[in-house]
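Structure below is protein_39.txt: compact mmCIF, C-alpha atoms.
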# COMPACT_ATOMS: atom_id res chain seq x y z
CA ASN M 3 115.68 17.03 -7.55
CA THR M 4 113.71 20.26 -7.95
CA MET M 5 110.47 18.58 -6.83
CA GLY M 6 111.67 17.21 -3.48
CA TYR M 7 110.89 13.64 -4.57
CA ASN M 8 110.29 12.03 -7.94
CA PRO M 9 106.69 10.85 -8.49
CA GLU M 10 107.22 9.92 -12.14
CA SER M 11 106.39 6.25 -11.63
CA GLU M 12 103.14 7.13 -9.81
CA VAL M 13 102.19 9.51 -12.61
CA ASN M 14 102.87 6.82 -15.22
CA ASP M 15 100.72 4.35 -13.26
CA LEU M 16 97.91 6.91 -13.17
CA ILE M 17 98.11 7.57 -16.91
CA ASN M 18 98.14 3.84 -17.68
CA ALA M 19 95.04 3.37 -15.53
CA MET M 20 93.28 6.28 -17.26
CA ASN M 21 93.98 4.69 -20.64
CA GLU M 22 92.23 1.45 -19.68
CA LYS M 23 88.88 1.07 -21.44
CA GLN M 24 86.77 1.22 -18.26
CA HIS M 25 88.44 4.48 -17.18
CA GLN M 26 88.49 6.45 -20.43
CA GLU M 27 85.63 8.68 -19.28
CA GLU M 28 87.31 9.54 -15.97
CA PHE M 29 88.51 13.08 -15.20
CA VAL M 30 91.39 13.61 -12.75
CA VAL M 31 92.07 16.71 -10.66
CA VAL M 32 95.62 17.03 -9.26
CA GLN M 33 95.86 19.51 -6.39
CA LEU M 34 99.50 20.27 -5.68
CA GLN M 35 100.95 20.77 -2.23
CA ASP M 36 103.45 22.83 -4.09
CA ALA M 37 107.14 23.22 -3.24
CA MET M 38 108.37 23.05 -6.84
CA ASP M 39 110.38 25.62 -8.72
CA HIS M 40 109.76 26.38 -12.41
CA VAL M 41 111.96 23.50 -13.53
CA GLY M 42 109.97 21.01 -11.49
CA ARG M 43 106.71 22.50 -12.75
CA ASP M 44 107.77 22.02 -16.38
CA ILE M 45 108.81 18.42 -15.71
CA LEU M 46 105.38 17.68 -14.22
CA VAL M 47 103.62 19.28 -17.17
CA GLY M 48 105.70 17.18 -19.56
CA TRP M 49 104.66 13.93 -17.88
CA PHE M 50 100.95 14.55 -18.51
CA GLY M 51 101.45 16.07 -21.96
CA SER M 52 98.30 16.32 -24.09
CA LEU M 53 96.11 15.03 -21.24
CA LEU M 54 96.38 18.42 -19.52
CA VAL M 55 93.51 20.88 -19.60
CA LYS M 56 94.69 24.33 -20.64
CA ASP M 57 92.64 27.53 -20.40
CA PHE M 58 90.13 25.81 -18.11
CA ASP M 59 86.67 27.38 -18.07
CA ILE M 60 84.61 26.46 -15.00
CA LYS M 61 81.40 27.16 -16.94
CA LYS M 62 82.04 24.36 -19.40
CA THR M 63 81.17 20.75 -18.60
CA LEU M 64 83.89 18.16 -18.06
CA ASP M 65 82.55 16.30 -21.09
CA HIS M 66 83.76 19.20 -23.20
CA TYR M 67 87.35 18.54 -22.13
CA ILE M 68 87.06 14.74 -22.10
CA ASP M 69 85.90 14.80 -25.74
CA GLN M 70 89.11 16.67 -26.55
CA GLY M 71 91.24 14.12 -24.74
CA GLN M 72 92.06 16.62 -21.97
CA ARG M 73 91.33 14.73 -18.76
CA VAL M 74 93.79 16.08 -16.17
CA LEU M 75 93.37 19.41 -14.40
CA ILE M 76 96.31 20.56 -12.27
CA VAL M 77 95.76 23.28 -9.66
CA THR M 78 98.08 24.95 -7.17
CA SER M 79 97.97 27.74 -4.61
CA LYS M 80 101.60 28.70 -5.29
CA GLU M 81 101.24 31.92 -7.23
CA GLU M 82 104.57 31.74 -9.07
CA ASN M 83 103.72 28.31 -10.50
CA ILE M 84 100.29 29.24 -11.85
CA ASN M 85 100.53 29.24 -15.63
CA ILE M 86 97.29 28.55 -17.48
CA THR M 87 98.92 28.20 -20.90
CA LYS M 88 101.12 25.43 -19.50
CA GLY M 89 98.18 23.77 -17.78
CA ILE M 90 98.53 24.76 -14.11
CA HIS M 91 95.58 26.68 -12.68
CA ASP M 92 94.79 28.59 -9.48
CA THR M 93 93.19 26.44 -6.78
CA ASN M 94 91.51 29.51 -5.31
CA GLU M 95 89.55 30.10 -8.51
CA VAL M 96 88.52 26.53 -9.19
CA ILE M 97 88.01 24.65 -5.90
CA THR M 98 86.07 25.53 -2.73
CA GLU M 99 87.04 23.53 0.33
CA ASN M 100 86.75 23.14 4.10
CA ASN M 101 89.63 23.30 6.58
CA TYR M 102 91.89 20.27 6.59
CA LYS M 103 93.71 20.08 9.95
CA TRP M 104 91.55 17.28 11.34
CA ARG M 105 93.22 15.77 14.42
CA GLU M 106 90.48 14.07 16.50
CA CYS M 107 90.12 11.16 14.10
CA TYR M 108 88.12 8.83 16.35
CA LEU M 109 85.67 11.16 18.03
CA GLU M 110 84.89 14.02 15.65
CA GLY M 111 84.12 14.58 11.99
CA PRO M 112 86.10 16.70 9.51
CA LEU M 113 86.49 20.41 10.22
CA THR M 114 83.57 22.42 8.89
CA GLY M 115 85.19 25.84 8.63
CA TYR M 116 85.80 27.48 5.28
CA ARG M 117 89.37 27.28 3.98
CA ARG M 118 89.57 28.77 0.49
CA GLY M 119 87.99 29.08 -2.93
CA PRO M 120 84.90 30.89 -4.24
CA GLU M 121 82.22 31.09 -1.56
CA THR M 122 79.52 31.75 -4.14
CA GLY M 123 79.09 30.93 -7.81
CA GLN M 124 80.52 27.98 -9.69
CA SER M 125 83.41 25.94 -8.35
CA ALA M 126 84.25 22.34 -7.54
CA LYS M 127 83.27 21.59 -3.95
CA LEU M 128 85.97 19.59 -2.14
CA MET M 129 85.57 17.94 1.26
CA ASN M 130 88.89 17.43 3.04
CA SER M 131 88.37 14.06 4.70
CA PHE M 132 91.83 12.96 5.79
CA CYS M 133 92.82 12.85 9.44
CA SER M 134 96.10 12.58 11.32
CA LYS M 135 96.70 13.08 15.03
CA PHE M 136 100.22 14.34 14.38
CA GLY M 137 99.93 16.04 10.99
CA ILE M 138 101.67 13.28 9.01
CA GLY M 139 100.46 10.20 7.15
CA ASP M 140 98.41 8.03 9.52
CA GLU M 141 97.25 4.73 8.02
CA LYS M 142 95.47 3.49 11.15
CA SER M 143 93.42 6.67 11.50
CA SER M 144 92.71 6.63 7.76
CA GLU M 145 91.26 3.14 8.01
CA GLU M 146 88.83 4.47 10.60
CA VAL M 147 87.73 7.67 8.84
CA ASN M 148 87.62 6.05 5.37
CA GLY M 149 84.74 3.79 6.38
CA LYS M 150 81.87 4.09 3.90
CA ASP M 151 79.27 5.06 6.51
CA LYS M 152 81.54 7.72 8.00
CA ILE M 153 82.39 9.30 4.64
CA LEU M 154 78.72 9.45 3.64
CA TYR M 155 77.66 10.84 7.03
CA ASN M 156 80.37 13.50 6.87
CA ALA M 157 79.45 14.31 3.27
CA GLN M 158 75.85 14.94 4.32
CA ASN M 159 77.11 17.42 6.92
CA PHE M 160 79.42 19.03 4.36
CA LEU M 161 76.47 19.71 2.04
CA LYS M 162 74.88 21.85 4.76
CA LEU M 163 77.82 24.28 4.87
CA PRO M 164 77.03 27.64 3.22
CA PHE M 165 80.06 27.60 0.94
CA ALA M 166 79.30 24.04 -0.24
CA GLN M 167 76.01 25.18 -1.78
CA ASN M 168 74.55 21.69 -1.33
CA LYS M 169 77.18 20.14 -3.63
CA ILE M 170 80.14 17.81 -3.27
CA ASN M 171 82.41 17.00 -6.20
CA ILE M 172 85.68 15.86 -4.65
CA ILE M 173 86.53 13.95 -1.47
CA LEU M 174 90.19 14.21 -0.45
CA VAL M 175 91.35 11.19 1.56
CA ASP M 176 94.62 9.62 2.67
CA TYR M 177 95.46 5.91 2.19
CA TYR M 178 92.54 5.41 -0.19
CA GLU M 179 93.08 1.64 -0.16
CA THR M 180 91.84 1.47 3.46
CA GLY M 181 88.18 1.55 4.48
CA ASP M 182 85.65 1.70 1.64
CA VAL M 183 86.29 4.97 -0.18
CA PHE M 184 85.05 3.69 -3.53
CA GLY M 185 81.87 2.32 -1.97
CA ALA M 186 81.12 5.83 -0.68
CA GLN M 187 81.98 7.30 -4.09
CA GLU M 188 79.57 4.93 -5.82
CA THR M 189 76.73 5.86 -3.46
CA ILE M 190 77.30 9.58 -4.10
CA ARG M 191 77.52 9.10 -7.86
CA GLU M 192 74.23 7.19 -7.80
CA GLY M 193 72.57 10.19 -6.15
CA ARG M 194 71.75 8.34 -2.92
CA LEU M 195 73.41 10.77 -0.52
CA ASN M 196 70.02 11.93 0.71
CA GLU M 197 69.33 8.50 2.24
CA THR M 198 69.53 8.06 6.01
CA ILE M 199 73.10 7.14 6.94
CA CYS M 200 74.04 5.46 10.21
CA TRP M 201 77.38 4.12 11.42
CA GLY M 202 77.88 0.40 11.59
CA ASP M 203 79.16 -1.50 14.63
CA GLY M 204 82.81 -0.80 15.41
CA ALA M 205 82.87 2.80 14.17
CA THR M 206 84.45 4.93 16.90
CA CYS M 207 82.43 7.85 18.18
CA ALA M 208 81.96 10.33 21.02
CA ALA M 209 79.04 9.83 23.42
CA GLY M 210 76.53 12.65 23.15
CA THR M 211 77.70 13.80 19.69
CA THR M 212 78.87 11.50 16.90
CA CYS M 213 77.59 8.37 18.69
CA ASP M 214 74.11 9.66 17.80
CA ALA M 215 74.93 8.46 14.28
CA CYS M 216 75.26 4.79 15.34
CA CYS M 217 72.84 2.25 13.91
CA ASN M 218 72.90 0.25 17.16
CA SER M 219 73.60 2.49 20.15
CA HIS M 220 77.21 2.48 21.45
CA SER M 221 79.49 1.04 24.14
CA LEU M 222 83.10 0.94 25.25
CA TRP M 223 85.13 -1.40 23.03
CA PRO M 224 88.09 -2.84 24.98
CA SER M 225 90.06 -3.59 21.79
CA LYS M 226 89.87 0.06 20.72
CA TYR M 227 90.09 1.61 24.21
CA VAL M 228 87.38 4.07 23.14
CA THR M 229 83.63 4.23 22.63
CA ALA M 230 82.34 2.75 19.38
CA CYS M 231 79.00 1.91 17.80
CA GLY M 232 77.36 -1.36 18.80
CA LYS M 233 78.66 -3.97 21.22
CA GLU M 234 82.04 -5.57 20.65
CA PRO M 235 81.88 -9.35 20.08
CA CYS M 236 83.54 -11.43 22.78
CA TRP M 237 87.17 -12.36 22.24
CA SER M 238 88.13 -15.80 20.98
CA ASP M 239 90.64 -18.16 22.63
CA GLY M 240 94.21 -17.02 22.20
CA THR M 241 93.46 -13.28 22.20
CA ALA M 242 95.84 -11.37 24.47
CA CYS M 243 94.15 -9.75 27.47
CA ASP M 244 94.82 -8.22 30.89
CA VAL M 245 93.63 -9.90 34.09
CA GLY M 246 90.81 -8.08 35.83
CA THR M 247 90.06 -5.86 32.86
CA THR M 248 90.02 -6.97 29.24
CA CYS M 249 90.15 -10.70 30.07
CA GLU M 250 86.57 -10.25 31.24
CA HIS M 251 85.68 -9.79 27.58
CA CYS M 252 86.79 -13.31 26.59
CA CYS M 253 84.20 -15.72 25.19
CA ASN M 254 85.80 -18.45 27.33
CA GLU M 255 85.96 -17.12 30.89
CA ASP M 256 88.90 -19.36 31.76
CA GLY M 257 92.25 -17.72 31.12
CA ASN M 258 95.60 -19.38 30.62
CA ALA M 259 97.87 -20.03 33.60
CA LEU M 260 98.80 -16.38 33.94
CA GLU M 261 95.58 -15.04 32.43
CA THR M 262 97.38 -13.19 29.64
CA LYS M 263 95.26 -14.75 26.90
CA CYS M 264 91.64 -15.81 26.48
CA GLY M 265 90.94 -19.53 26.85
CA GLY M 266 92.53 -22.16 29.10
CA GLU M 267 95.81 -23.95 28.49
CA THR M 268 96.34 -27.68 28.88
CA SER M 269 99.21 -29.57 30.45
CA SER M 270 101.09 -32.27 28.58
CA GLY M 271 98.62 -34.75 30.04
CA GLY M 272 95.64 -32.82 28.73
CA THR M 273 94.54 -31.20 32.04
CA LYS M 274 92.80 -27.84 31.61
CA PHE M 275 94.50 -24.91 33.33
CA GLY M 276 91.86 -22.26 34.10
CA ALA M 277 91.69 -19.17 36.28
CA GLY M 278 91.60 -21.24 39.50
CA PHE M 279 94.93 -22.83 38.64
CA ARG M 280 96.46 -19.37 38.32
CA CYS M 281 95.33 -18.45 41.84
CA LYS M 282 96.83 -21.65 43.29
CA LEU M 283 100.05 -21.11 41.38
CA LEU M 284 100.44 -17.56 42.68
CA GLY M 285 99.56 -18.73 46.20
CA LEU M 286 102.35 -21.30 46.14
CA PHE M 287 104.75 -18.70 44.78
CA PHE M 288 103.84 -16.31 47.61
CA PHE M 289 104.28 -19.15 50.18
CA PHE M 290 107.77 -19.91 48.90
CA LEU M 291 108.66 -16.21 49.19
CA LEU M 292 107.62 -16.26 52.86
CA LEU M 293 109.84 -19.27 53.47

How does this structure look as structure tokens?
Amino acid sequence: NTMGYNPESEVNDLINAMNEKQHQEEFVVVQLQDAMDHVGRDILVGWFGSLLVKDFDIKKTLDHYIDQGQRVLIVTSKEENINITKGIHDTNEVITENNYKWRECYLEGPLTGYRRGPETGQSAKLMNSFCSKFGIGDEKSSEEVNGKDKILYNAQNFLKLPFAQNKINIILVDYYETGDVFGAQETIREGRLNETICWGDGATCAAGTTCDACCNSHSLWPSKYVTACGKEPCWSDGTACDVGTTCEHCCNEDGNALETKCGGETSSGGTKFGAGFRCKLLGLFFFFLLL
């Protein structure tokens, strides 16, 4: 396979979605992380067919291309695959973006340094907003950084960057099904990005920096093992916990016989086993060891 893997089914799903009535005014930009040879490039072009924009002019509105039925713009940074007549354009001429190697997913925002693209003049402004501690797909981290409040807060900071020119057109995320990416998109499309944005309870943050964005102060959340906005609700019966540390966060202060879960256990006769029972049990065990 000259493309490394075959995304034909994903492309077909995308085209089918674009052809649905509610999506017929949507415009799609495909930015390639390009390892294809010319054969793979031509296969990709064939999949999109007449939907591809050719001879793209950044000065024209997207409506101009949508009216012609051209609703997919493919860009790449791989010089040998750039071919405007086939419908593959140069990322560096079309899109301006920030750096993307975001690793501190829970405590910091996206990197604010300039990566590539025109620093002045017309271009699509792209905010790289995907994070991975190890440089590979990270669904858990994506769920955190794809929160609506976090995306909007980070977008406000992106607008302040000189190369962004107070614009944001594209937000690049990973695992878009997690968090509330489309809620953030809707807010931006409605022109409400200038509203005050604060982070809801549970959003992880760093004290003294990003925690300043919290709606309700911040505290250490035992379930996350890090600082987060707001105060974590107490844990319900049955939640696993550790004696002397996280068990102190249980709603019901009694633990089971070994205090490994919140809430007391009962014997077959219905007697409640709380924390005191655990102490007696361990005391008897220690006594037998001495014998």

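Atom CA of Leu195 of chain M sits 8.7 Å away from atom CA of Tyr155 of chain M.
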
*asked:* Given all atoms listed in the file as the basis, pick out the residue of M:Gln26, M:Gly265, M:Gly139, M:Leu46 nearest to Pro9 of chain M.
replied: M:Leu46

Spatial neighbours of segment 76-91 of chain M, 8 Å, all atoms listed in the file, chain gap at least 6 places, as a short mmCIF file (atom, residue, chain, number, x, y, z; two decimals) with C-alpha atoms, in the frame of the given file:
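The resulting file, out-v3.cif, is shown below:
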data_model
loop_
_atom_site.label_atom_id
_atom_site.label_comp_id
_atom_site.auth_asym_id
_atom_site.auth_seq_id
_atom_site.Cartn_x
_atom_site.Cartn_y
_atom_site.Cartn_z
CA VAL M 31 92.07 16.71 -10.66
CA VAL M 32 95.62 17.03 -9.26
CA GLN M 33 95.86 19.51 -6.39
CA LEU M 34 99.50 20.27 -5.68
CA GLN M 35 100.95 20.77 -2.23
CA ASP M 36 103.45 22.83 -4.09
CA MET M 38 108.37 23.05 -6.84
CA ASP M 39 110.38 25.62 -8.72
CA HIS M 40 109.76 26.38 -12.41
CA ARG M 43 106.71 22.50 -12.75
CA VAL M 47 103.62 19.28 -17.17
CA LEU M 54 96.38 18.42 -19.52
CA VAL M 55 93.51 20.88 -19.60
CA LYS M 56 94.69 24.33 -20.64
CA ASP M 57 92.64 27.53 -20.40
CA PHE M 58 90.13 25.81 -18.11
#

_Need to verify the contact set: Ile170 of chain M, 9 Å, only C-alpha atoms, exclusion of same-chain residues closer than 4 positions in sequence. Can you return it as a list in words?_
Ala126, Lys127, Leu128, Met129, Ala157, Phe160, Leu161, Ala166 and Ile190 of chain M

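Atom pair atom CA of Leu53 of chain M / atom CA of Ser11 of chain M: separated by 16.6 Å.
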